[in-house]
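Student: The following file, work21.cif, comprises mmCIF, C-alpha atoms:
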```
data_model
#
loop_
_atom_site.group_PDB
_atom_site.id
_atom_site.type_symbol
_atom_site.label_atom_id
_atom_site.label_comp_id
_atom_site.auth_asym_id
_atom_site.auth_seq_id
_atom_site.Cartn_x
_atom_site.Cartn_y
_atom_site.Cartn_z
ATOM 1 C CA MET A 1 -31.385 16.622 12.609
ATOM 2 C CA ASP A 2 -30.103 16.727 9.022
ATOM 3 C CA SER A 3 -31.564 14.296 6.501
ATOM 4 C CA TYR A 4 -30.076 12.993 3.239
ATOM 5 C CA ASP A 5 -30.917 10.545 0.516
ATOM 6 C CA VAL A 6 -27.640 8.736 1.147
ATOM 7 C CA VAL A 7 -25.002 8.878 3.867
ATOM 8 C CA VAL A 8 -21.668 7.511 2.678
ATOM 9 C CA ILE A 9 -19.583 6.207 5.562
ATOM 10 C CA GLY A 10 -15.933 6.318 4.535
ATOM 11 C CA GLY A 11 -14.349 8.970 2.335
ATOM 12 C CA GLY A 12 -11.644 7.013 0.550
ATOM 13 C CA ALA A 13 -11.562 6.470 -3.198
ATOM 14 C CA ALA A 14 -14.514 4.051 -3.107
ATOM 15 C CA GLY A 15 -16.729 6.231 -0.918
ATOM 16 C CA LEU A 16 -15.975 9.403 -2.875
ATOM 17 C CA SER A 17 -16.619 7.632 -6.187
ATOM 18 C CA GLY A 18 -20.025 6.585 -4.917
ATOM 19 C CA ALA A 19 -20.739 10.069 -3.599
ATOM 20 C CA LEU A 20 -19.734 11.639 -6.916
ATOM 21 C CA MET A 21 -22.132 9.527 -8.945
ATOM 22 C CA LEU A 22 -24.967 9.905 -6.450
ATOM 23 C CA ALA A 23 -24.538 13.681 -6.410
ATOM 24 C CA ARG A 24 -24.518 13.750 -10.202
ATOM 25 C CA ALA A 25 -27.793 11.816 -10.026
ATOM 26 C CA ARG A 26 -29.152 14.741 -8.004
ATOM 27 C CA ARG A 27 -29.332 12.835 -4.735
ATOM 28 C CA SER A 28 -28.554 14.623 -1.486
ATOM 29 C CA VAL A 29 -25.349 13.060 -0.164
ATOM 30 C CA LEU A 30 -23.289 13.301 3.001
ATOM 31 C CA VAL A 31 -19.843 11.690 3.222
ATOM 32 C CA ILE A 32 -18.493 11.050 6.720
ATOM 33 C CA ASP A 33 -14.785 10.326 6.624
ATOM 34 C CA GLY A 34 -12.667 9.172 9.563
ATOM 35 C CA GLY A 35 -9.477 10.490 7.968
ATOM 36 C CA GLU A 36 -7.489 7.241 8.224
ATOM 37 C CA PRO A 37 -7.095 5.912 4.673
ATOM 38 C CA ARG A 38 -5.599 2.443 4.449
ATOM 39 C CA ASN A 39 -3.069 3.488 1.810
ATOM 40 C CA ALA A 40 -1.780 6.552 3.680
ATOM 41 C CA PRO A 41 1.785 5.157 4.102
ATOM 42 C CA ALA A 42 2.197 4.631 0.344
ATOM 43 C CA ALA A 43 4.065 7.174 -1.767
ATOM 44 C CA GLY A 44 1.676 6.888 -4.691
ATOM 45 C CA VAL A 45 -1.416 5.209 -6.110
ATOM 46 C CA HIS A 46 -0.655 2.755 -8.913
ATOM 47 C CA GLY A 47 -2.709 1.159 -11.665
ATOM 48 C CA LEU A 48 -5.225 4.006 -11.735
ATOM 49 C CA LEU A 49 -5.337 5.170 -15.345
ATOM 50 C CA GLY A 50 -4.581 8.851 -15.780
ATOM 51 C CA LEU A 51 -3.523 9.233 -12.141
ATOM 52 C CA GLU A 52 -0.590 6.820 -11.967
ATOM 53 C CA GLY A 53 1.729 7.670 -9.072
ATOM 54 C CA THR A 54 -0.548 10.301 -7.526
ATOM 55 C CA PRO A 55 0.068 10.632 -3.754
ATOM 56 C CA PRO A 56 -2.926 9.174 -1.846
ATOM 57 C CA ALA A 57 -3.651 12.437 0.006
ATOM 58 C CA GLU A 58 -3.698 14.383 -3.262
ATOM 59 C CA LEU A 59 -6.077 11.873 -4.855
ATOM 60 C CA LEU A 60 -8.513 12.226 -1.956
ATOM 61 C CA GLU A 61 -8.289 16.013 -2.011
ATOM 62 C CA ARG A 62 -9.183 16.031 -5.696
ATOM 63 C CA GLY A 63 -11.967 13.501 -5.103
ATOM 64 C CA ARG A 64 -13.539 15.583 -2.341
ATOM 65 C CA ALA A 65 -13.462 18.671 -4.563
ATOM 66 C CA GLU A 66 -15.149 16.792 -7.407
ATOM 67 C CA ALA A 67 -17.914 15.403 -5.172
ATOM 68 C CA ARG A 68 -18.536 18.829 -3.638
ATOM 69 C CA ARG A 69 -18.753 20.390 -7.096
ATOM 70 C CA TYR A 70 -22.001 18.483 -7.591
ATOM 71 C CA GLY A 71 -23.430 19.272 -4.171
ATOM 72 C CA ALA A 72 -22.184 16.436 -1.965
ATOM 73 C CA HIS A 73 -21.279 17.352 1.605
ATOM 74 C CA VAL A 74 -18.019 15.905 2.919
ATOM 75 C CA VAL A 75 -17.201 16.099 6.625
ATOM 76 C CA THR A 76 -14.605 14.619 8.953
ATOM 77 C CA GLY A 77 -15.976 12.367 11.665
ATOM 78 C CA GLU A 78 -16.131 8.879 13.112
ATOM 79 C CA VAL A 79 -19.405 6.975 12.904
ATOM 80 C CA THR A 80 -20.043 5.130 16.150
ATOM 81 C CA ASP A 81 -23.559 3.788 15.583
ATOM 82 C CA ALA A 82 -26.137 3.183 12.872
ATOM 83 C CA LYS A 83 -29.706 1.980 13.360
ATOM 84 C CA ARG A 84 -33.061 1.860 11.592
ATOM 85 C CA GLU A 85 -35.856 4.228 12.585
ATOM 86 C CA GLY A 86 -39.270 2.882 11.647
ATOM 87 C CA HIS A 87 -40.334 -0.340 9.955
ATOM 88 C CA GLY A 88 -40.138 -1.833 6.489
ATOM 89 C CA ASP A 89 -37.911 -1.075 3.514
ATOM 90 C CA ASN A 90 -38.765 2.620 3.643
ATOM 91 C CA ALA A 91 -37.547 3.129 7.217
ATOM 92 C CA ASP A 92 -34.764 5.687 7.552
ATOM 93 C CA PHE A 93 -31.316 5.118 8.993
ATOM 94 C CA GLU A 94 -30.052 7.136 11.907
ATOM 95 C CA VAL A 95 -26.273 7.611 11.987
ATOM 96 C CA THR A 96 -24.440 8.915 15.059
ATOM 97 C CA THR A 97 -20.876 10.226 15.143
ATOM 98 C CA ALA A 98 -18.333 10.365 17.964
ATOM 99 C CA ASP A 99 -18.975 14.085 18.532
ATOM 100 C CA GLY A 100 -22.668 13.420 19.160
ATOM 101 C CA ARG A 101 -24.028 14.545 15.787
ATOM 102 C CA THR A 102 -26.953 12.554 14.394
ATOM 103 C CA VAL A 103 -28.118 12.471 10.755
ATOM 104 C CA ARG A 104 -30.791 10.560 8.898
ATOM 105 C CA ALA A 105 -30.544 8.812 5.557
ATOM 106 C CA ARG A 106 -32.802 6.823 3.277
ATOM 107 C CA ARG A 107 -29.844 4.626 2.335
ATOM 108 C CA LEU A 108 -26.341 3.897 3.643
ATOM 109 C CA LEU A 109 -23.271 3.311 1.500
ATOM 110 C CA VAL A 110 -20.553 1.757 3.653
ATOM 111 C CA ALA A 111 -17.030 2.222 2.290
ATOM 112 C CA THR A 112 -14.915 2.133 5.439
ATOM 113 C CA GLY A 113 -12.511 -0.420 4.004
ATOM 114 C CA LEU A 114 -10.137 -2.663 5.913
ATOM 115 C CA THR A 115 -7.553 -2.545 8.654
ATOM 116 C CA ASP A 116 -4.274 -4.407 8.094
ATOM 117 C CA GLU A 117 -3.267 -6.579 11.053
ATOM 118 C CA LEU A 118 0.467 -7.186 10.655
ATOM 119 C CA PRO A 119 2.672 -9.942 12.086
ATOM 120 C CA ASP A 120 4.420 -9.116 15.353
ATOM 121 C CA VAL A 121 7.911 -8.575 13.932
ATOM 122 C CA ALA A 122 10.065 -5.748 15.271
ATOM 123 C CA GLY A 123 10.394 -2.881 12.792
ATOM 124 C CA LEU A 124 7.848 -4.234 10.331
ATOM 125 C CA ARG A 125 5.018 -1.777 10.900
ATOM 126 C CA GLU A 126 7.354 1.197 10.595
ATOM 127 C CA ARG A 127 8.299 0.087 7.060
ATOM 128 C CA TRP A 128 4.727 -0.734 6.000
ATOM 129 C CA GLY A 129 3.785 0.784 2.640
ATOM 130 C CA ARG A 130 7.423 1.648 1.926
ATOM 131 C CA ASP A 131 9.779 -1.311 1.481
ATOM 132 C CA VAL A 132 7.402 -3.665 3.308
ATOM 133 C CA LEU A 133 4.419 -4.268 1.028
ATOM 134 C CA HIS A 134 1.679 -6.734 0.296
ATOM 135 C CA CYS A 135 0.448 -6.283 -3.285
ATOM 136 C CA PRO A 136 2.849 -6.767 -6.206
ATOM 137 C CA TYR A 137 0.388 -5.131 -8.586
ATOM 138 C CA CYS A 138 0.417 -2.033 -6.379
ATOM 139 C CA HIS A 139 4.130 -1.902 -5.536
ATOM 140 C CA GLY A 140 5.952 -4.634 -7.461
ATOM 141 C CA TRP A 141 7.317 -2.335 -10.162
ATOM 142 C CA GLU A 142 8.981 -0.144 -7.539
ATOM 143 C CA VAL A 143 10.953 -3.130 -6.141
ATOM 144 C CA ARG A 144 11.553 -4.949 -9.436
ATOM 145 C CA ASP A 145 14.853 -6.850 -9.701
ATOM 146 C CA GLN A 146 15.631 -6.195 -6.040
ATOM 147 C CA ALA A 147 16.380 -8.804 -3.368
ATOM 148 C CA ILE A 148 12.840 -9.528 -2.173
ATOM 149 C CA GLY A 149 11.728 -11.564 0.826
ATOM 150 C CA VAL A 150 8.269 -13.012 1.376
ATOM 151 C CA LEU A 151 7.190 -13.512 4.983
ATOM 152 C CA ALA A 152 4.714 -16.367 5.351
ATOM 153 C CA SER A 153 1.891 -15.049 7.484
ATOM 154 C CA GLY A 154 -1.217 -16.936 6.456
ATOM 155 C CA PRO A 155 -2.846 -19.440 4.108
ATOM 156 C CA MET A 156 -2.067 -17.404 0.972
ATOM 157 C CA ALA A 157 1.712 -17.425 1.508
ATOM 158 C CA MET A 158 2.535 -19.893 -1.289
ATOM 159 C CA HIS A 159 0.368 -17.985 -3.757
ATOM 160 C CA GLN A 160 2.078 -14.774 -2.746
ATOM 161 C CA VAL A 161 5.661 -15.979 -3.083
ATOM 162 C CA LEU A 162 5.064 -17.575 -6.488
ATOM 163 C CA LEU A 163 3.331 -14.410 -7.667
ATOM 164 C CA ILE A 164 6.084 -11.996 -6.613
ATOM 165 C CA ARG A 165 8.640 -14.092 -8.528
ATOM 166 C CA GLN A 166 7.369 -12.311 -11.669
ATOM 167 C CA TRP A 167 9.039 -9.094 -10.484
ATOM 168 C CA SER A 168 12.437 -10.434 -9.407
ATOM 169 C CA GLU A 169 14.715 -13.434 -9.845
ATOM 170 C CA ASP A 170 16.034 -12.991 -6.297
ATOM 171 C CA VAL A 171 13.216 -14.113 -4.008
ATOM 172 C CA THR A 172 13.552 -15.702 -0.558
ATOM 173 C CA PHE A 173 10.642 -17.352 1.233
ATOM 174 C CA PHE A 174 10.657 -17.033 5.030
ATOM 175 C CA THR A 175 8.369 -19.696 6.514
ATOM 176 C CA HIS A 176 8.305 -17.806 9.854
ATOM 177 C CA THR A 177 5.538 -19.392 11.976
ATOM 178 C CA ASN A 178 3.921 -21.213 9.043
ATOM 179 C CA PRO A 179 4.521 -24.930 8.430
ATOM 180 C CA GLU A 180 7.399 -25.808 6.133
ATOM 181 C CA PRO A 181 6.402 -26.278 2.473
ATOM 182 C CA SER A 182 5.031 -29.669 1.511
ATOM 183 C CA GLU A 183 7.012 -31.824 -0.908
ATOM 184 C CA GLU A 184 4.917 -30.582 -3.823
ATOM 185 C CA GLU A 185 5.278 -26.951 -2.722
ATOM 186 C CA ALA A 186 9.031 -27.355 -2.278
ATOM 187 C CA GLU A 187 9.263 -28.600 -5.862
ATOM 188 C CA GLN A 188 7.327 -25.566 -7.086
ATOM 189 C CA LEU A 189 9.600 -23.192 -5.203
ATOM 190 C CA ALA A 190 12.741 -24.928 -6.427
ATOM 191 C CA ALA A 191 11.488 -24.805 -10.019
ATOM 192 C CA ARG A 192 11.218 -21.017 -9.756
ATOM 193 C CA GLY A 193 14.571 -20.630 -8.042
ATOM 194 C CA ILE A 194 13.057 -19.426 -4.765
ATOM 195 C CA ARG A 195 15.178 -19.971 -1.661
ATOM 196 C CA VAL A 196 13.400 -21.212 1.469
ATOM 197 C CA VAL A 197 14.529 -20.072 4.940
ATOM 198 C CA THR A 198 12.907 -21.801 7.903
ATOM 199 C CA GLY A 199 12.654 -20.453 11.420
ATOM 200 C CA GLU A 200 10.825 -17.585 13.047
ATOM 201 C CA VAL A 201 11.616 -14.044 11.929
ATOM 202 C CA ALA A 202 12.422 -11.715 14.837
ATOM 203 C CA ALA A 203 13.100 -8.304 13.325
ATOM 204 C CA LEU A 204 13.960 -6.234 10.276
ATOM 205 C CA GLU A 205 17.385 -4.712 9.772
ATOM 206 C CA VAL A 206 17.275 -1.063 8.680
ATOM 207 C CA LYS A 207 20.114 1.270 7.747
ATOM 208 C CA GLU A 208 19.792 4.912 6.703
ATOM 209 C CA ASP A 209 16.000 4.530 6.517
ATOM 210 C CA ARG A 210 16.152 1.582 4.123
ATOM 211 C CA LEU A 211 15.442 -2.092 4.686
ATOM 212 C CA THR A 212 18.696 -4.063 4.477
ATOM 213 C CA GLY A 213 17.845 -7.473 5.882
ATOM 214 C CA VAL A 214 15.641 -9.877 7.778
ATOM 215 C CA ARG A 215 16.895 -11.185 11.123
ATOM 216 C CA LEU A 216 15.772 -14.568 12.395
ATOM 217 C CA ALA A 217 15.288 -15.512 16.044
ATOM 218 C CA ASP A 218 18.574 -17.468 15.968
ATOM 219 C CA GLY A 219 20.441 -14.301 14.957
ATOM 220 C CA MET A 220 21.003 -15.120 11.286
ATOM 221 C CA VAL A 221 20.493 -12.133 8.979
ATOM 222 C CA VAL A 222 19.411 -12.561 5.361
ATOM 223 C CA ASP A 223 20.097 -9.535 3.178
ATOM 224 C CA ARG A 224 16.883 -8.215 1.599
ATOM 225 C CA GLU A 225 15.859 -4.887 0.063
ATOM 226 C CA ALA A 226 12.080 -5.403 0.204
ATOM 227 C CA LEU A 227 9.726 -7.655 2.120
ATOM 228 C CA VAL A 228 6.299 -8.865 1.068
ATOM 229 C CA VAL A 229 3.800 -9.599 3.848
ATOM 230 C CA GLY A 230 0.198 -10.725 3.627
ATOM 231 C CA PRO A 231 -1.640 -9.002 6.506
ATOM 232 C CA ARG A 232 -4.742 -10.322 8.135
ATOM 233 C CA MET A 233 -7.471 -7.936 7.013
ATOM 234 C CA ALA A 234 -10.347 -6.812 9.223
ATOM 235 C CA ALA A 235 -13.419 -4.936 8.049
ATOM 236 C CA ARG A 236 -14.044 -1.606 9.784
ATOM 237 C CA ALA A 237 -17.650 -2.374 10.545
ATOM 238 C CA GLY A 238 -18.148 -2.401 14.313
ATOM 239 C CA PHE A 239 -20.570 0.523 14.081
ATOM 240 C CA LEU A 240 -22.985 -1.660 12.078
ATOM 241 C CA SER A 241 -23.783 -4.006 14.965
ATOM 242 C CA GLY A 242 -26.913 -1.961 15.716
ATOM 243 C CA LEU A 243 -28.226 -3.071 12.328
ATOM 244 C CA GLY A 244 -27.504 -6.704 13.090
ATOM 245 C CA LEU A 245 -24.535 -6.757 10.703
ATOM 246 C CA ARG A 246 -21.340 -8.345 11.949
ATOM 247 C CA PRO A 247 -18.133 -9.277 10.126
ATOM 248 C CA THR A 248 -17.497 -12.966 9.555
ATOM 249 C CA GLU A 249 -14.408 -15.007 8.734
ATOM 250 C CA HIS A 250 -13.426 -14.868 5.073
ATOM 251 C CA PRO A 251 -13.576 -18.313 3.383
ATOM 252 C CA ALA A 252 -9.903 -17.976 2.360
ATOM 253 C CA GLY A 253 -8.831 -17.437 5.970
ATOM 254 C CA ILE A 254 -7.330 -14.003 5.294
ATOM 255 C CA GLY A 255 -9.376 -12.052 7.828
ATOM 256 C CA VAL A 256 -12.925 -10.919 8.546
ATOM 257 C CA TYR A 257 -15.280 -9.227 6.129
ATOM 258 C CA LEU A 258 -18.861 -8.064 5.804
ATOM 259 C CA ALA A 259 -20.671 -10.494 3.549
ATOM 260 C CA THR A 260 -22.749 -8.965 0.755
ATOM 261 C CA GLU A 261 -24.600 -10.194 -2.286
ATOM 262 C CA ALA A 262 -23.144 -9.748 -5.778
ATOM 263 C CA GLY A 263 -24.578 -6.236 -6.054
ATOM 264 C CA GLY A 264 -22.997 -5.116 -2.787
ATOM 265 C CA ARG A 265 -26.149 -5.192 -0.660
ATOM 266 C CA THR A 266 -25.991 -6.500 2.895
ATOM 267 C CA GLU A 267 -28.609 -8.564 4.697
ATOM 268 C CA GLY A 268 -29.960 -5.362 6.202
ATOM 269 C CA PRO A 269 -32.600 -3.594 4.055
ATOM 270 C CA GLY A 270 -31.408 -0.319 2.580
ATOM 271 C CA GLY A 271 -27.702 -0.958 3.077
#
```
Can you dump the structure from the file as structure tokens?

Tutor:
Amino acid sequence: MDSYDVVVIGGGAAGLSGALMLARARRSVLVIDGGEPRNAPAAGVHGLLGLEGTPPAELLERGRAEARRYGAHVVTGEVTDAKREGHGDNADFEVTTADGRTVRARRLLVATGLTDELPDVAGLRERWGRDVLHCPYCHGWEVRDQAIGVLASGPMAMHQVLLIRQWSEDVTFFTHTNPEPSEEEAEQLAARGIRVVTGEVAALEVKEDRLTGVRLADGMVVDREALVVGPRMAARAGFLSGLGLRPTEHPAGIGVYLATEAGGRTEGPGG
């Protein structure tokens, strides 16, 4: 059984950054990466100084090479279980992967990220990360001045539609299955020139591999070139149940997360 100072679970940008610094601190490090980065559908990474527009796969390839340069080991695998062996703060962790491999670690760094749970609208998932997006700071520039729709899909919908208005004057708010805006909210939307369309959204209209519109359940089609959706986000943390760590509902109602203290530590010692 191999043993390391730290096992990093998740080899995205966060996990590799942690591995890089730990390896530079002369710690023995193993990164176990499931190979399913959340941003894989995106054409490029944005807002990362010096690497603006870099394709996600290229960024990870460069990150793995940098971590390995300092002695970190990076492998592909899915962690299925993690538990403590021994007692007290100095007890080791035992990590098991889907192929049956087991490794030990003095500490665990969990960087498995989130899974986006999207609304059940025909054609939406296929456009995700392309002309269906969720973060204007990540993708707003690419759809600036276009006809943008915002699909209400949770408690942050009003915040989202008012925010995206910064990138375009042509914004339509689809209430979908959310309640209609309150009187105060309607005034806010009208003040920003945002059109409100009520009724459930059934599907996206696509032509020549580009989003062209949003079709409602009653058959009406509203022309749009991009659609903003706030997914429900779920922490990838099922393998931590053996440590007594379970995701809980986020206070903002946007999904489930693994609660940590300000420094990133969980309730479990050593993690």

Student: Which residues are close to segment 191-204 of chain A, i.e. within 8 Å by all atoms listed in the file, leaving aside same-chain residues fewer than 5 positions away? Reply as a list of chain:residue names.

Tutor: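 So the residues in contact are A:Val121, A:Ala122, A:Gly123, A:Leu124, A:Leu162, A:Arg165, A:Glu169, A:Asp170, A:Val171, A:Thr172, A:Phe173, A:Phe174, A:Thr175, A:His176, A:Thr177, A:Glu180, A:Leu211, A:Thr212, A:Gly213, A:Val214, A:Arg215, A:Leu216, A:Ala217.
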
Student: Using only C-alpha atoms, which residues sit within 9 Å of Ala157 of chain A once same-chain residues fewer than 2 positions away are excluded, as a PDB file with C-alpha atoms, in the frame of the given file?

Tutor:
```
ATOM      1  CA  VAL A 150       8.269 -13.012   1.376  1.00  0.00           C
ATOM      2  CA  LEU A 151       7.190 -13.512   4.983  1.00  0.00           C
ATOM      3  CA  ALA A 152       4.714 -16.367   5.351  1.00  0.00           C
ATOM      4  CA  SER A 153       1.891 -15.049   7.484  1.00  0.00           C
ATOM      5  CA  GLY A 154      -1.217 -16.936   6.456  1.00  0.00           C
ATOM      6  CA  PRO A 155      -2.846 -19.440   4.108  1.00  0.00           C
ATOM      7  CA  HIS A 159       0.368 -17.985  -3.757  1.00  0.00           C
ATOM      8  CA  GLN A 160       2.078 -14.774  -2.746  1.00  0.00           C
ATOM      9  CA  VAL A 161       5.661 -15.979  -3.083  1.00  0.00           C
ATOM     10  CA  LEU A 162       5.064 -17.575  -6.488  1.00  0.00           C
ATOM     11  CA  PHE A 173      10.642 -17.352   1.233  1.00  0.00           C
ATOM     12  CA  THR A 175       8.369 -19.696   6.514  1.00  0.00           C
ATOM     13  CA  ASN A 178       3.921 -21.213   9.043  1.00  0.00           C
ATOM     14  CA  VAL A 229       3.800  -9.599   3.848  1.00  0.00           C
ATOM     15  CA  GLY A 230       0.198 -10.725   3.627  1.00  0.00           C
TER      16      GLY A 230
END
```

Student: Evaluate the PyMOL selection byres ((chain A and resi 32) around 7) on the structure here and hand back the selected residues as a PyMOL selection string.

Tutor: chain A and resi 8-11+30-31+33-34+74-77

Student: Using all atoms listed in the file, which of the listed residues (A:Gly255, A:Gly50, A:Pro41, A:Pro231) sits closest to Asp131 of chain A?

Tutor: A:Pro41

Student: Rank A:Leu22, A:Ala234, A:Val143, A:Leu240 by their smallest atom-to-atom distance to Gly129 of chain A, using all atoms listed in the file, and report the top residue only.

Tutor: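 Using all atoms listed in the file, Gly129 of chain A sits closest to A:Val143.
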
Student: Determine the residue membership of the PyMOL selection byres ((chain A and resi 83-100) around 9) for the file above and supply it as JSON, numbers by chain.

Tutor: {"A": [7, 32, 77, 78, 79, 80, 81, 82, 101, 102, 103, 104, 105, 106, 107, 108, 240, 241, 242, 243, 244, 269, 270]}

Student: Quick one: residues within 9 Å of (-16.2, 15.4, -8.5) (file frame), counting all atoms listed in the file, please, as a list in words.

Tutor: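 Neighbouring residues, ordered by chain and number, come to Leu16, Ser17, Ala19, Leu20, Met21, Ala23, Arg24, Arg62, Gly63, Arg64, Ala65, Glu66, Ala67, Arg68, Arg69, Tyr70 and Ala72 of chain A.
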
Student: What do you get, as a VMD selection string, if you spell out every residue that the PyMOL selection byres ((chain A and resi 254) around 7) selects here?

Tutor: chain A and resid 154 232 to 233 250 252 to 253 255

Student: Mind giving me the straight-line distance from atom CA of Val132 of chain A to atom CA of Leu227 of chain A in Å, one decimal?

Tutor: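 Atom CA of Val132 of chain A sits 4.8 Å away from atom CA of Leu227 of chain A.
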
Student: For segment 256-266 of chain A, list every protein, DNA or RNA residue within 9 Å, evaluated using all atoms listed in the file, and leave out those in the same chain fewer than 5 positions away; present the list as an MDAnalysis selection string.

Tutor: chainID A and resid 114 232:237 245:250 271

Student: Suppose we keep C-alpha atoms; can you now write the selection as a CSV table (one decimal), in the frame of the given file?

Tutor:
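Contents of result26.csv, freshly written:
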```csv
chain,number,residue,atom,x,y,z
A,114,LEU,CA,-10.1,-2.7,5.9
A,232,ARG,CA,-4.7,-10.3,8.1
A,233,MET,CA,-7.5,-7.9,7.0
A,234,ALA,CA,-10.3,-6.8,9.2
A,235,ALA,CA,-13.4,-4.9,8.0
A,236,ARG,CA,-14.0,-1.6,9.8
A,237,ALA,CA,-17.6,-2.4,10.5
A,245,LEU,CA,-24.5,-6.8,10.7
A,246,ARG,CA,-21.3,-8.3,11.9
A,247,PRO,CA,-18.1,-9.3,10.1
A,248,THR,CA,-17.5,-13.0,9.6
A,249,GLU,CA,-14.4,-15.0,8.7
A,250,HIS,CA,-13.4,-14.9,5.1
A,271,GLY,CA,-27.7,-1.0,3.1
```

Student: Calculated over all atoms listed in the file, which of the candidates A:Glu58, A:Glu208, A:Glu184, A:Asp145 has the smallest distance to Gln166 of chain A?

Tutor: A:Asp145

Student: Got a sec: who's within 10 Å of Ala57 of chain A, counting all atoms listed in the file, leaving out chain neighbours fewer than 6 positions off, as a list of chain:residue names?

Tutor: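 Result of the neighbour search: A:Gly12, A:Pro37, A:Asn39, A:Ala40, A:Pro41, A:Ala42, A:Ala43, A:Gly44, A:Val45, A:Gly63.
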
Student: If I take atom CA of His134 of chain A and atom CA of Gly219 of chain A, how far is one from the other in Å, to one decimal?

Tutor: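 Value for the atom CA of His134 of chain A-atom CA of Gly219 of chain A distance: 25.0 Å.
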
Student: What is the atom CA of Cys135 of chain A to atom CA of Ala186 of chain A distance in Å?

Tutor: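 Result for atom CA of Cys135 of chain A versus atom CA of Ala186 of chain A: 22.8 Å, one decimal.
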
Student: Of the candidates A:Ser28, A:Ser182, A:Ser168, A:Gln188, which shows the shortest atom-to-atom distance to His73 of chain A, using all atoms listed in the file?

Tutor: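 Among the listed residues, A:Ser28 lies closest to His73 of chain A.
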
Student: For Trp128 of chain A, which residue among A:Val6, A:Ala190, A:Val221, A:Val228 is the nearest when counting only C-alpha atoms?

Tutor: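 Nearest candidate to Trp128 of chain A out of A:Val6, A:Ala190, A:Val221, A:Val228: A:Val228.
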
Student: When distances are computed from all atoms listed in the file, which of A:Arg127, A:Arg144, A:Pro179, A:Met158 shows the smallest separation from Asp209 of chain A?

Tutor: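 With all atoms listed in the file as the atom set, the closest residue is A:Arg127.
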
Student: Which residues, written as an MDAnalysis selection string, have at least one atom at most 7 Å from His46 of chain A, with all atoms listed in the file counted and residues fewer than 5 positions away on the same chain left out?

Tutor: chainID A and resid 52:53 138
